[in-house]
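Note: the block below is final.cif and it holds mmCIF, C-alpha atoms.
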data_structure
#
loop_
_atom_site.label_atom_id
_atom_site.label_comp_id
_atom_site.auth_asym_id
_atom_site.auth_seq_id
_atom_site.Cartn_x
_atom_site.Cartn_y
_atom_site.Cartn_z
CA MET A 21 0.00 0.00 0.00
CA LYS A 22 1.27 3.46 -0.90
CA ARG A 23 2.21 5.89 1.87
CA SER A 24 -0.62 8.29 0.99
CA GLU A 25 -3.17 5.48 0.85
CA LEU A 26 -2.06 4.17 4.25
CA LEU A 27 -2.32 7.63 5.79
CA GLN A 28 -5.82 8.09 4.37
CA LEU A 29 -6.90 4.68 5.61
CA VAL A 30 -5.56 5.36 9.11
CA ASP A 31 -7.32 8.72 9.16
CA PHE A 32 -10.61 7.05 8.16
CA LYS A 33 -10.26 4.32 10.81
CA ILE A 34 -9.49 6.86 13.54
CA LYS A 35 -12.62 8.83 12.68
CA GLU A 36 -14.63 5.61 12.49
CA MET A 37 -13.43 4.55 15.94
CA SER A 38 -14.13 8.00 17.35
CA ASP A 39 -17.74 7.80 16.16
CA TYR A 40 -18.07 4.27 17.54
CA LEU A 41 -16.74 5.30 20.95
CA GLN A 42 -19.20 8.20 21.06
CA ALA A 43 -22.06 5.83 20.28
CA TYR A 44 -20.77 3.37 22.87
CA GLY A 45 -20.65 6.10 25.50
CA ASP A 46 -24.27 6.99 24.75
CA LEU A 47 -25.18 3.30 24.97
CA VAL A 48 -23.51 2.92 28.38
CA LYS A 49 -25.48 5.90 29.73
CA ALA A 50 -28.75 4.49 28.37
CA ASN A 51 -28.00 1.01 29.70
CA TYR A 52 -27.15 2.41 33.13
CA LYS A 53 -30.57 4.06 33.31
CA LYS A 54 -32.32 0.86 32.21
CA ILE A 55 -30.48 -1.30 34.73
CA LEU A 56 -31.15 1.22 37.50
CA VAL A 57 -34.90 1.00 36.79
CA PHE A 58 -34.77 -2.82 36.87
CA GLU A 59 -32.83 -2.75 40.15
CA GLN A 60 -35.36 -0.34 41.67
CA ASN A 61 -38.15 -2.71 40.70
CA ILE A 62 -36.32 -5.59 42.38
CA LEU A 63 -36.06 -3.51 45.55
CA ARG A 64 -39.73 -2.57 45.28
CA PHE A 65 -40.77 -6.22 45.30
CA TYR A 66 -38.49 -6.91 48.26
CA ALA A 67 -40.07 -3.98 50.11
CA LYS A 68 -43.47 -5.54 49.48
CA VAL A 69 -42.28 -8.75 51.13
CA ILE A 70 -41.20 -6.75 54.18
CA LEU A 71 -44.57 -4.96 54.28
CA ASN A 72 -46.44 -8.24 54.28
CA ARG A 73 -44.21 -9.72 56.93
CA ASN A 74 -44.59 -6.75 59.27
CA PRO A 75 -48.11 -5.36 58.75
CA ASP A 76 -48.22 -3.89 62.27
CA GLN A 77 -45.06 -1.79 61.96
CA ILE A 78 -46.91 1.26 60.67
CA GLU A 79 -44.12 3.82 60.89
CA SER A 80 -41.48 1.71 59.12
CA ASN A 81 -44.04 0.54 56.59
CA GLU A 82 -45.05 4.09 55.76
CA GLU A 83 -41.39 4.90 55.15
CA LEU A 84 -41.06 1.88 52.85
CA GLY A 85 -44.25 2.81 51.06
CA TRP A 86 -43.04 6.36 50.48
CA ARG A 87 -39.58 5.30 49.36
CA PHE A 88 -40.72 2.69 46.84
CA ASN A 89 -44.07 4.23 45.91
CA ILE A 90 -46.10 1.23 47.03
CA SER A 91 -49.25 0.97 49.09
CA ILE A 92 -48.92 0.21 52.80
CA ASP A 93 -52.42 -1.29 52.78
CA THR A 94 -51.70 -4.99 52.41
CA ASN A 95 -55.26 -6.16 53.05
CA GLY A 96 -56.22 -8.63 50.37
CA THR A 97 -52.79 -8.49 48.74
CA THR A 98 -49.68 -10.43 49.52
CA CYS A 99 -46.12 -10.55 48.24
CA THR A 100 -44.31 -13.66 49.38
CA PRO A 101 -40.61 -14.46 49.11
CA TYR A 102 -41.57 -16.74 46.23
CA ASP A 103 -43.21 -13.79 44.46
CA PHE A 104 -40.00 -11.85 44.93
CA LEU A 105 -37.97 -14.64 43.32
CA VAL A 106 -40.38 -14.69 40.37
CA ALA A 107 -39.87 -10.94 39.94
CA LEU A 108 -36.13 -11.35 40.41
CA ARG A 109 -36.04 -13.89 37.59
CA PHE A 110 -37.87 -11.46 35.29
CA PHE A 111 -35.71 -8.42 36.03
CA MET A 112 -32.39 -10.28 36.17
CA ARG A 113 -33.11 -11.62 32.69
CA LYS A 114 -33.77 -8.04 31.57
CA ILE A 115 -30.53 -6.85 33.16
CA LYS A 116 -28.54 -9.65 31.56
CA SER A 117 -30.01 -8.82 28.15
CA VAL A 118 -29.00 -5.17 28.52
CA ARG A 119 -25.49 -6.10 29.66
CA LYS A 120 -25.11 -8.50 26.74
CA VAL A 121 -25.59 -5.64 24.26
CA GLY A 122 -22.79 -3.73 25.97
CA GLU A 123 -20.54 -6.79 25.99
CA GLU A 124 -21.02 -7.25 22.24
CA CYS A 125 -20.00 -3.63 21.71
CA GLN A 126 -16.90 -4.16 23.81
CA LYS A 127 -15.97 -7.17 21.67
CA ASN A 128 -16.27 -4.98 18.59
CA ILE A 129 -14.09 -2.32 20.21
CA GLN A 130 -11.44 -4.93 20.97
CA LYS A 131 -11.46 -6.08 17.33
CA LYS A 132 -11.10 -2.50 16.17
CA ILE A 133 -8.23 -1.93 18.62
CA THR A 134 -6.41 -4.96 17.21
CA LEU A 135 -6.80 -3.52 13.70
CA LEU A 136 -5.55 -0.10 14.82
CA GLU A 137 -2.53 -1.65 16.52
CA THR A 138 -1.73 -3.48 13.28
CA MET A 139 -1.98 -0.21 11.39
CA ALA A 140 0.33 1.45 13.91
CA ILE A 141 2.94 -1.19 13.14
CA GLU A 142 2.55 -0.50 9.42
CA LEU A 143 2.89 3.24 10.00
CA GLU A 144 6.12 2.75 11.91
CA LYS A 145 7.58 0.94 8.90
CA ILE A 146 7.32 3.90 6.54
CA PRO A 147 9.88 6.75 6.56
CA ARG A 148 9.37 9.37 9.22
CA GLY A 149 7.78 12.64 8.27
CA ARG A 150 5.50 15.34 9.67
CA LYS A 151 2.28 13.76 8.38
CA ARG A 152 3.37 10.27 9.33
CA ASP A 153 4.42 11.27 12.87
CA LYS A 154 1.25 13.30 13.41
CA MET A 155 -0.94 10.42 12.22
CA LEU A 156 0.92 7.93 14.40
CA ASN A 157 0.41 10.18 17.42
CA ARG A 158 -3.32 10.45 16.65
CA LEU A 159 -3.48 6.70 16.27
CA ASP A 160 -1.76 6.10 19.62
CA ILE A 161 -4.21 8.47 21.34
CA CYS A 162 -7.14 6.73 19.66
CA ILE A 163 -5.92 3.30 20.80
CA LEU A 164 -5.45 4.55 24.35
CA SER A 165 -8.95 6.06 24.41
CA SER A 166 -10.42 2.86 23.03
CA LYS A 167 -8.77 0.77 25.74
CA GLY A 168 -10.15 3.20 28.28
CA ALA A 169 -13.65 2.55 26.92
CA LEU A 170 -13.17 -1.17 27.52
CA ALA A 171 -12.64 -0.43 31.21
CA ILE A 172 -16.10 1.14 31.53
CA ASN A 173 -18.42 -1.18 33.46
CA ILE A 174 -21.88 -0.67 34.88
CA LEU A 175 -21.50 -1.79 38.48
CA ASN A 176 -24.14 -3.70 40.38
CA ASN A 177 -25.91 -1.46 42.89
CA LEU A 178 -27.66 -4.26 44.79
CA ASP A 179 -26.37 -6.68 47.38
CA LEU A 180 -28.56 -9.49 46.08
CA PRO A 181 -26.87 -12.35 47.97
CA THR A 182 -27.78 -10.66 51.25
CA THR A 183 -31.25 -9.72 49.99
CA ILE A 184 -31.99 -13.31 48.95
CA GLN A 185 -30.64 -14.61 52.24
CA GLN A 186 -32.99 -12.28 54.13
CA LEU A 187 -35.95 -13.86 52.35
CA PHE A 188 -35.34 -16.88 54.53
CA ASN A 189 -35.80 -14.92 57.75
CA ASN A 190 -38.71 -15.96 59.96
CA ALA A 191 -37.85 -19.60 59.16
CA TRP A 192 -39.19 -19.32 55.60
CA GLN A 193 -38.13 -22.15 53.32
CA LEU A 194 -38.48 -22.67 49.59
CA GLU A 195 -40.40 -25.75 48.50
CA ARG A 196 -38.61 -28.13 46.17
CA GLU A 197 -41.31 -27.99 43.50
CA ALA A 198 -41.31 -24.20 43.69
CA LEU A 199 -37.57 -24.15 43.03
CA MET A 200 -38.08 -26.38 40.01
CA GLN A 201 -40.54 -23.79 38.68
CA LEU A 202 -38.13 -20.92 39.34
CA VAL A 203 -35.06 -22.25 37.52
CA THR A 204 -34.19 -23.56 34.11
CA LEU A 205 -32.37 -26.83 34.71
CA LYS A 206 -29.12 -27.45 32.88
CA ASP A 207 -29.08 -29.96 30.05
CA GLY A 208 -29.32 -33.54 31.25
CA LEU A 209 -30.23 -32.66 34.82
CA LYS A 210 -33.85 -33.66 34.37
CA ASN A 211 -32.60 -37.21 33.93
CA ASP A 212 -30.14 -37.04 36.83
CA ASP A 213 -32.30 -38.76 39.44
CA VAL A 214 -29.48 -38.93 41.98
CA LEU A 215 -29.00 -35.15 42.15
CA LEU A 216 -32.68 -34.31 41.82
CA ASN A 217 -33.62 -36.74 44.59
CA SER A 218 -30.97 -35.17 46.82
CA ILE A 219 -32.82 -31.85 46.74
CA PRO A 220 -34.78 -31.58 50.01
CA ASN A 221 -38.50 -30.91 50.01
CA LEU A 222 -37.89 -27.69 51.97
CA ILE A 223 -34.83 -25.61 51.10
CA ASN A 224 -33.13 -23.07 53.36
CA PHE A 225 -30.61 -20.48 52.18
CA PRO A 226 -27.42 -22.58 52.62
CA GLU A 227 -29.04 -25.40 50.68
CA LEU A 228 -30.18 -23.01 47.95
CA TYR A 229 -26.67 -21.54 47.73
CA LYS A 230 -25.17 -25.02 47.39
CA LEU A 231 -27.62 -26.05 44.68
CA ILE A 232 -27.17 -22.88 42.65
CA VAL A 233 -23.53 -21.90 43.16
CA ILE A 234 -21.80 -25.20 43.87
CA ASP A 235 -23.93 -27.83 42.12
CA ARG A 236 -24.83 -25.38 39.31
CA ILE A 237 -28.25 -26.89 38.62
CA GLU A 238 -29.24 -23.96 36.39
CA SER A 239 -28.76 -23.86 32.63
CA ILE A 240 -25.70 -21.83 31.68
CA ASN A 241 -27.93 -19.90 29.27
CA ASP A 242 -30.45 -18.96 31.96
CA CYS A 243 -28.69 -18.80 35.32
CA TYR A 244 -30.25 -15.72 36.89
CA LEU A 245 -30.01 -17.07 40.45
CA PHE A 246 -26.33 -17.90 39.99
CA ASP A 247 -25.75 -14.38 38.67
CA ALA A 248 -27.64 -12.90 41.61
CA LEU A 249 -25.88 -14.95 44.27
CA ASN A 250 -22.47 -14.09 42.80
CA ILE A 251 -23.16 -10.45 42.15
CA ILE A 252 -20.74 -9.19 44.84
CA GLU A 253 -17.91 -11.44 43.68
CA SER A 254 -18.40 -10.24 40.10
CA LYS A 255 -17.80 -6.59 40.98
CA PRO A 256 -14.42 -5.19 39.89
CA SER A 257 -12.03 -4.80 42.81
#
Translate this structure into structure tokens?
Amino acid sequence: MKRSELLQLVDFKIKEMSDYLQAYGDLVKANYKKILVFEQNILRFYAKVILNRNPDQIESNEELGWRFNISIDTNGTTCTPYDFLVALRFFMRKIKSVRKVGEECQKNIQKKITLLETMAIELEKIPRGRKRDKMLNRLDICILSSKGALAINILNNLDLPTTIQQLFNNAWQLEREALMQLVTLKDGLKNDDVLLNSIPNLINFPELYKLIVIDRIESINDCYLFDALNIIESKPS
């Protein structure tokens, strides 16, 4: 490739990456807002569980009702820990879908960075000159900015492991059949009678944690409880 053609190509790719990074930044902002709404809905359902568990604590219930914009009149309505887990499944799937879009964009950025780094090597091979040196400097800055974009992550705002554990307060336990309705079993598990028969009829939090995090009974393609119970560990340090 001729020197002039290479310089034009590099210039085009720098502008292309700049536009992509701008769009990615806008996407991150939009995704943050979406995830925040989903997290607030998760908290709202948990607050409803607390309201139903403590109907006589008027003052604290009024505070919960005001904070999460929910009614403190629980007559005729209930929100059980099971209902919370149903809602958690729905919103965690939504969150995962939003995050997946961002992850795909990051993969594209990484591919573009690899191409830019290759072009930087090609630029270094041609004789030095004002245009060449200026373009190489622009390219280095673009690569650095692109790598910075890869470091952008939308952190989890909820301590879901603790929240899920608190569902089991007041000696509440999850029924075995209810768990089977809440999770998508991994391939082949439906025929694994040994493991399935080892699941107790009533499940407390340590048993749930073991089944989900250690035994990994959920499908890898739909493991919302695993994601929730590992949400603290998945945060960047």
> Which of these residues is nearest to Asp31 (chain A), using all atoms listed in the file: A:Arg196, A:Arg236, A:Arg152, A:Lys120?
Replying inline: A:Arg152
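The smallest atom-to-atom distance between Asn157 (chain A) and any of A:Glu227, A:Ala169, A:Trp192, A:Ala140, using all atoms listed in the file, is found for A:Ala140.
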Could you name the residues that touch Tyr229 (chain A) at 10 Å or less, counting only C-alpha atoms, but leaving out those on the same chain fewer than 4 positions away, as a compact mmCIF listing (two decimals) with C-alpha atoms, in the coordinates of the input?
# COMPACT_ATOMS: atom_id res chain seq x y z
CA PRO A 181 -26.87 -12.35 47.97
CA ILE A 184 -31.99 -13.31 48.95
CA GLN A 185 -30.64 -14.61 52.24
CA ILE A 223 -34.83 -25.61 51.10
CA ASN A 224 -33.13 -23.07 53.36
CA PHE A 225 -30.61 -20.48 52.18
CA VAL A 233 -23.53 -21.90 43.16
CA ILE A 234 -21.80 -25.20 43.87
CA ASP A 235 -23.93 -27.83 42.12
CA ARG A 236 -24.83 -25.38 39.31
CA LEU A 245 -30.01 -17.07 40.45
CA PHE A 246 -26.33 -17.90 39.99
CA LEU A 249 -25.88 -14.95 44.27
CA ASN A 250 -22.47 -14.09 42.80
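Across the model, the gap from CA of Ile55 (chain A) to CA of Asp207 (chain A) is 29.1 Å.
What separates CA of Met112 (chain A) from CA of Lys49 (chain A) is a distance of 18.7 Å.
If you look at CA of Ile62 (chain A) and CA of Tyr244 (chain A), they are 13.0 Å away from each other.
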Shell of 12 Å around Leu187 (chain A), only C-alpha atoms, local chain residues under 4 positions omitted, as a PDB file with C-alpha atoms, in the frame of the given file:
ATOM      1  CA  PHE A  65     -40.770  -6.220  45.300  1.00  0.00           C
ATOM      2  CA  TYR A  66     -38.490  -6.910  48.260  1.00  0.00           C
ATOM      3  CA  ALA A  67     -40.070  -3.980  50.110  1.00  0.00           C
ATOM      4  CA  LYS A  68     -43.470  -5.540  49.480  1.00  0.00           C
ATOM      5  CA  VAL A  69     -42.280  -8.750  51.130  1.00  0.00           C
ATOM      6  CA  ILE A  70     -41.200  -6.750  54.180  1.00  0.00           C
ATOM      7  CA  ARG A  73     -44.210  -9.720  56.930  1.00  0.00           C
ATOM      8  CA  CYS A  99     -46.120 -10.550  48.240  1.00  0.00           C
ATOM      9  CA  THR A 100     -44.310 -13.660  49.380  1.00  0.00           C
ATOM     10  CA  PRO A 101     -40.610 -14.460  49.110  1.00  0.00           C
ATOM     11  CA  TYR A 102     -41.570 -16.740  46.230  1.00  0.00           C
ATOM     12  CA  ASP A 103     -43.210 -13.790  44.460  1.00  0.00           C
ATOM     13  CA  PHE A 104     -40.000 -11.850  44.930  1.00  0.00           C
ATOM     14  CA  LEU A 105     -37.970 -14.640  43.320  1.00  0.00           C
ATOM     15  CA  LEU A 180     -28.560  -9.490  46.080  1.00  0.00           C
ATOM     16  CA  PRO A 181     -26.870 -12.350  47.970  1.00  0.00           C
ATOM     17  CA  THR A 182     -27.780 -10.660  51.250  1.00  0.00           C
ATOM     18  CA  THR A 183     -31.250  -9.720  49.990  1.00  0.00           C
ATOM     19  CA  ALA A 191     -37.850 -19.600  59.160  1.00  0.00           C
ATOM     20  CA  TRP A 192     -39.190 -19.320  55.600  1.00  0.00           C
ATOM     21  CA  GLN A 193     -38.130 -22.150  53.320  1.00  0.00           C
ATOM     22  CA  LEU A 194     -38.480 -22.670  49.590  1.00  0.00           C
ATOM     23  CA  ILE A 223     -34.830 -25.610  51.100  1.00  0.00           C
ATOM     24  CA  ASN A 224     -33.130 -23.070  53.360  1.00  0.00           C
ATOM     25  CA  PHE A 225     -30.610 -20.480  52.180  1.00  0.00           C
ATOM     26  CA  LEU A 228     -30.180 -23.010  47.950  1.00  0.00           C
TER      27      LEU A 228
END
>> I need every residue sitting at most 9 Å from the point (-33.3, -28.1, 45.4) (coordinates as in the file, all atoms listed in the file considered), written as a PyMOL selection string.
In response: chain A and resi 194-197+199-200+215-223+227-228+230-232+237
Could you write out the selected residues, including C-alpha atoms, as a PDB file, in the coordinates of the input?
ATOM      1  CA  LEU A 194     -38.480 -22.670  49.590  1.00  0.00           C
ATOM      2  CA  GLU A 195     -40.400 -25.750  48.500  1.00  0.00           C
ATOM      3  CA  ARG A 196     -38.610 -28.130  46.170  1.00  0.00           C
ATOM      4  CA  GLU A 197     -41.310 -27.990  43.500  1.00  0.00           C
ATOM      5  CA  LEU A 199     -37.570 -24.150  43.030  1.00  0.00           C
ATOM      6  CA  MET A 200     -38.080 -26.380  40.010  1.00  0.00           C
ATOM      7  CA  LEU A 215     -29.000 -35.150  42.150  1.00  0.00           C
ATOM      8  CA  LEU A 216     -32.680 -34.310  41.820  1.00  0.00           C
ATOM      9  CA  ASN A 217     -33.620 -36.740  44.590  1.00  0.00           C
ATOM     10  CA  SER A 218     -30.970 -35.170  46.820  1.00  0.00           C
ATOM     11  CA  ILE A 219     -32.820 -31.850  46.740  1.00  0.00           C
ATOM     12  CA  PRO A 220     -34.780 -31.580  50.010  1.00  0.00           C
ATOM     13  CA  ASN A 221     -38.500 -30.910  50.010  1.00  0.00           C
ATOM     14  CA  LEU A 222     -37.890 -27.690  51.970  1.00  0.00           C
ATOM     15  CA  ILE A 223     -34.830 -25.610  51.100  1.00  0.00           C
ATOM     16  CA  GLU A 227     -29.040 -25.400  50.680  1.00  0.00           C
ATOM     17  CA  LEU A 228     -30.180 -23.010  47.950  1.00  0.00           C
ATOM     18  CA  LYS A 230     -25.170 -25.020  47.390  1.00  0.00           C
ATOM     19  CA  LEU A 231     -27.620 -26.050  44.680  1.00  0.00           C
ATOM     20  CA  ILE A 232     -27.170 -22.880  42.650  1.00  0.00           C
ATOM     21  CA  ILE A 237     -28.250 -26.890  38.620  1.00  0.00           C
TER      22      ILE A 237
END
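Comparing A:Leu143, A:Ala107, A:Val121, A:Ile163 by their smallest distance to Lys35 (chain A), the closest is A:Ile163 (using all atoms listed in the file).
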